[in-house]
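Undergrad: Sharing a structure, written as structure tokens. Questions coming.
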Amino acid sequence: VRELVVVAQDTTYYGLDLYGETRLPELLRQLEQVEGLDWIRLMYLYPMYFSDELIETIAASKKILPYLDMPLQHASDLMLRRMQRRVTRSETETLLGKLRASIPNLVMRTTFITGFPGETDEHVVELEDFMRQHKFERLGVFTYSYEPDTPAAKLPDHLPEEVKTTRRDHLMGVQQEIAFAWNDSQIGRQVDVLLDSAVPGESNAWIGRSYADAPDVDGVVYVSGPGLSLGKLVKCEIVARNEYDLIGVAIGEPR
């Protein structure tokens with residue numbers, strides 16, 4: 001195993017049930033000692049328990065990737081309260097600024113929900129402005145899904161499905177511009193790529209991922225070069241973009 005993905009319903013809560021306090025930094029420091037493990041990827045971390053100690057642990061680590069998956073759900077304070085998120089836009093923006101300043105080359109993934117009961121066009125504009133301001137490298141937008149007997153199901157002002165879909169498609173169009181621009185900025189960079197599989201029917205061609213790409217949810221890096229094999233890490237130069245994916249050429253010895 002070269003990569004470990006640490007994921008939970010809320011990863012920052014780790015330790016609360018066992019010890020009565022959050023202990024994710026301690027867990028991560030122990031995981032760093034695992035021999036043979038190259039990458040530790042953190043996913044599904046809500047902002048609530050993101051301590052300075054956790055930020056420092058990530059920033060100082062040689063194994064914890066500068067990649068954070070933080071589901072923010074919305075940018076409007078009214079929507080966040082209706083969704084029962086215990087955080088405000090201002091608090092989130094303070095945390096995002098601290099993360100960007102503390103962790104070099106940080107890639108952020110987030111998810112938003114549109115079409116939640118009571119959401120207005122103004123709330124969507126607020127969310128779009130937030131996306132354009134913070135330029136998340138990885139972002140997904142989902143429509144609110146009605147589930148009987150949930151607190152949200154009892155709220156007034158549910159929206160038609162076509163309104164939800166139109167809003168999602170608009171926001172994903174905004175994100176596409178941001179994602180493509182970031183991919184363009186990677187051309188010429190040298191990054192380590194973990195090779196996951198061979199390209200079917202091609203010789204010396206592989207599908208891999210950089211630190212910026214979580215399995216299954218992000219793009220991939222197509223790599224060409226001799227002497228490569230499954231499961232190897234290899235330094236590559238990024239030479240082109242293919243929509244959400246990157247194309248690289250191996251320039252180092254696989255390890």
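How things are named: the first chain in the structure tokens is A, the next is B, and so on; residues count from 1 in each chain; ligands count from 1 in the order shown.
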May I have the residues within 8 Å of range 151-161 of chain A as a VMD selection string, using only C-alpha atoms and disregarding those fewer than 2 positions away in the same chain?

TA: chain A and resid 82 to 83 115 to 118 146 to 149 163 to 165

Undergrad: Which neighbours of Arg29 in chain A fall inside 10 Å, counting only C-alpha atoms, when residues of the same chain fewer than 3 positions from it are skipped, and could you give them as a list in words?

TA: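 Contacts, in chain order: Leu24, Pro25, Glu26, Glu32, Gln33, Val34, Thr57, Ile58, Ser61, Lys63 and Ile64 of chain A.
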
Undergrad: So which one's closest to Val239 in chain A, A:Asp213, A:Glu162, A:Asp184, A:Glu91? Using only C-alpha atoms, please.

TA: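 Closest to Val239 in chain A of all the choices is A:Asp184.
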
Undergrad: Please return, as a PyMOL selection string, all residues of range 81-167 of chain A that DSSP assigns to helix (DSSP H, G or I) on the basis of the backbone.

TA: chain A and resi 81-82+89-102+121-134+152-154+161-167

Undergrad: Please identify all polymer residues within 12 Å of Val125 in chain A, counting only C-alpha atoms, omitting same-chain residues fewer than 2 positions from it, and present them as a list of chain:residue names.

TA: A:His74, A:Ala75, A:Ser76, A:Thr114, A:Glu119, A:Thr120, A:Asp121, A:Glu122, A:His123, A:Leu127, A:Glu128, A:Asp129, A:Phe130, A:Met131, A:Arg132, A:Arg167, A:His170, A:Leu171, A:Val174

Undergrad: Can you list, as a list in words, every protein, DNA or RNA residue that comes within 8 Å of Asp10 in chain A when you count only C-alpha atoms, leaving out same-chain residues fewer than 2 positions away?

TA: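 Counting only the stated atoms, we get Val7, Ala8, Thr12, Tyr13, Tyr14, Tyr44, Leu45 and Tyr46 of chain A.
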
Undergrad: Could you save those same residues with all heavy atoms as a tab-separated table (two decimals), in the first residue's frame?

TA:
```tsv
chain	number	residue	atom	x	y	z
A	7	VAL	N	-10.73	8.71	5.94
A	7	VAL	CA	-12.05	9.27	5.66
A	7	VAL	C	-13.06	8.76	6.68
A	7	VAL	O	-12.96	7.63	7.15
A	7	VAL	CB	-12.50	8.93	4.21
A	7	VAL	CG1	-12.63	7.44	3.99
A	7	VAL	CG2	-13.79	9.65	3.83
A	8	ALA	N	-14.00	9.63	7.04
A	8	ALA	CA	-15.05	9.27	7.99
A	8	ALA	C	-16.26	10.16	7.72
A	8	ALA	O	-16.21	11.02	6.84
A	8	ALA	CB	-14.56	9.47	9.43
A	12	THR	N	-12.49	15.13	11.20
A	12	THR	CA	-11.94	15.96	12.27
A	12	THR	C	-12.49	15.58	13.64
A	12	THR	O	-11.92	15.97	14.66
A	12	THR	CB	-12.24	17.45	12.01
A	12	THR	OG1	-13.62	17.61	11.72
A	12	THR	CG2	-11.40	17.99	10.88
A	13	TYR	N	-13.60	14.82	13.70
A	13	TYR	CA	-14.17	14.39	14.97
A	13	TYR	C	-13.39	13.24	15.59
A	13	TYR	O	-13.69	12.82	16.71
A	13	TYR	CB	-15.62	13.90	14.76
A	13	TYR	CG	-16.67	14.97	14.92
A	13	TYR	CD1	-16.64	16.10	14.11
A	13	TYR	CD2	-17.70	14.84	15.84
A	13	TYR	CE1	-17.62	17.07	14.23
A	13	TYR	CE2	-18.68	15.81	15.96
A	13	TYR	CZ	-18.63	16.93	15.17
A	13	TYR	OH	-19.60	17.89	15.28
A	14	TYR	N	-12.38	12.71	14.89
A	14	TYR	CA	-11.70	11.50	15.36
A	14	TYR	C	-11.27	11.66	16.82
A	14	TYR	O	-10.61	12.65	17.18
A	14	TYR	CB	-10.46	11.16	14.51
A	14	TYR	CG	-9.70	10.02	15.14
A	14	TYR	CD1	-10.15	8.71	15.02
A	14	TYR	CD2	-8.58	10.25	15.93
A	14	TYR	CE1	-9.51	7.66	15.65
A	14	TYR	CE2	-7.92	9.21	16.57
A	14	TYR	CZ	-8.40	7.92	16.42
A	14	TYR	OH	-7.78	6.90	17.07
A	44	TYR	N	-13.08	14.47	3.80
A	44	TYR	CA	-14.31	14.70	4.55
A	44	TYR	C	-14.03	15.27	5.94
A	44	TYR	O	-14.40	14.71	6.96
A	44	TYR	CB	-15.16	13.41	4.64
A	44	TYR	CG	-16.61	13.71	4.26
A	44	TYR	CD1	-16.97	13.92	2.93
A	44	TYR	CD2	-17.60	13.82	5.23
A	44	TYR	CE1	-18.28	14.23	2.59
A	44	TYR	CE2	-18.90	14.12	4.89
A	44	TYR	CZ	-19.24	14.32	3.57
A	44	TYR	OH	-20.53	14.64	3.24
A	45	LEU	N	-13.40	16.44	5.93
A	45	LEU	CA	-13.10	17.15	7.18
A	45	LEU	C	-13.99	18.39	7.24
A	45	LEU	O	-13.77	19.35	6.50
A	45	LEU	CB	-11.64	17.57	7.23
A	45	LEU	CG	-10.57	16.50	6.99
A	45	LEU	CD1	-9.84	16.75	5.69
A	45	LEU	CD2	-9.59	16.45	8.13
A	46	TYR	N	-14.97	18.38	8.11
A	46	TYR	CA	-15.78	19.59	8.30
A	46	TYR	C	-14.95	20.63	9.04
A	46	TYR	O	-13.99	20.30	9.75
A	46	TYR	CB	-17.05	19.25	9.09
A	46	TYR	CG	-18.15	18.66	8.25
A	46	TYR	CD1	-18.41	17.29	8.25
A	46	TYR	CD2	-18.93	19.48	7.43
A	46	TYR	CE1	-19.43	16.75	7.48
A	46	TYR	CE2	-19.95	18.94	6.65
A	46	TYR	CZ	-20.19	17.58	6.68
A	46	TYR	OH	-21.19	17.04	5.90
```

Undergrad: Please list as a ChimeraX atom specification every residue within 10 Å of Ala181 in chain A, counting only C-alpha atoms and excluding residues in the same chain fewer than 3 positions away.

TA: /A:135,137,175-178,184-186,241,243-244

Undergrad: Can you tell me, as a PyMOL selection string, what residues are no more than 9 Å from Arg109 in chain A when counting only C-alpha atoms, ignoring any on the same chain fewer than 6 positions away?

TA: chain A and resi 43+67-71+136-140

Undergrad: For Glu202 in chain A, find every residue with an atom within 12 Å (counting only C-alpha atoms), except residues of its own chain fewer than 5 positions away, and show them as a list in words.

TA: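 Those residues are Ser197, Ile207, Tyr222, Val223, Ser224 and Gly225 of chain A.
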
Undergrad: Go ahead and dump the residues you just picked, N, CA and C atoms, as a PDB file, in the first residue's frame.

TA:
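What ended up in selection.pdb:
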```pdb
ATOM      1  N   SER A 197      -3.089   2.165 -13.157  1.00  0.00           N
ATOM      2  CA  SER A 197      -3.454   1.148 -14.148  1.00  0.00           C
ATOM      3  C   SER A 197      -2.809   1.490 -15.484  1.00  0.00           C
ATOM      4  N   ILE A 207      -2.243   5.257 -16.424  1.00  0.00           N
ATOM      5  CA  ILE A 207      -3.172   6.175 -15.777  1.00  0.00           C
ATOM      6  C   ILE A 207      -2.770   6.274 -14.310  1.00  0.00           C
ATOM      7  N   TYR A 222      -2.424  11.101 -17.214  1.00  0.00           N
ATOM      8  CA  TYR A 222      -1.978  10.098 -18.191  1.00  0.00           C
ATOM      9  C   TYR A 222      -0.475  10.245 -18.361  1.00  0.00           C
ATOM     10  N   VAL A 223       0.237   9.147 -18.161  1.00  0.00           N
ATOM     11  CA  VAL A 223       1.707   9.193 -18.136  1.00  0.00           C
ATOM     12  C   VAL A 223       2.270   8.277 -19.213  1.00  0.00           C
ATOM     13  N   SER A 224       3.243   8.777 -19.950  1.00  0.00           N
ATOM     14  CA  SER A 224       3.975   7.933 -20.899  1.00  0.00           C
ATOM     15  C   SER A 224       5.440   7.875 -20.489  1.00  0.00           C
ATOM     16  N   GLY A 225       6.064   6.738 -20.787  1.00  0.00           N
ATOM     17  CA  GLY A 225       7.471   6.578 -20.458  1.00  0.00           C
ATOM     18  C   GLY A 225       7.835   5.114 -20.359  1.00  0.00           C
TER      19      GLY A 225
END
```

Undergrad: Can you tell me how far CA of Gly231 in chain A sits from CA of Val107 in chain A, in Å to one decimal?

TA: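 According to the coordinates, CA of Gly231 in chain A and CA of Val107 in chain A are separated by 22.7 Å.
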
Undergrad: Using only C-alpha atoms, pick whichever of A:Gly36, A:Pro104, A:Pro47, A:Pro200 has the shortest atom-to-atom distance to Leu65 in chain A.

TA: A:Pro104

Undergrad: For a quick check of understanding, using only C-alpha atoms, which of A:Ile113, A:Val234, A:Val1, A:Ile103 has the smallest distance to Asp38 in chain A?

TA: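 Checking each candidate against Asp38 in chain A, we get A:Val1 as the closest.
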
Undergrad: Under the rule that only C-alpha atoms are counted, which of A:Val217, A:Ile40, A:Lys62, A:Thr88 is the nearest residue to Thr110 in chain A?

TA: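 The shortest atom-to-atom distance to Thr110 in chain A comes from A:Val217.
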
Undergrad: Can you check which residues of range 218-248 of chain A DSSP gives as strand (DSSP E) on the backbone and send them as a ChimeraX atom specification?

TA: /A:221-224,233-242,245-248

Undergrad: Quick one: pull the distance between CA of Asp192 in chain A and CA of Val220 in chain A, Å, one decimal.

TA: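 Between CA of Asp192 in chain A and CA of Val220 in chain A the gap is 12.4 Å.
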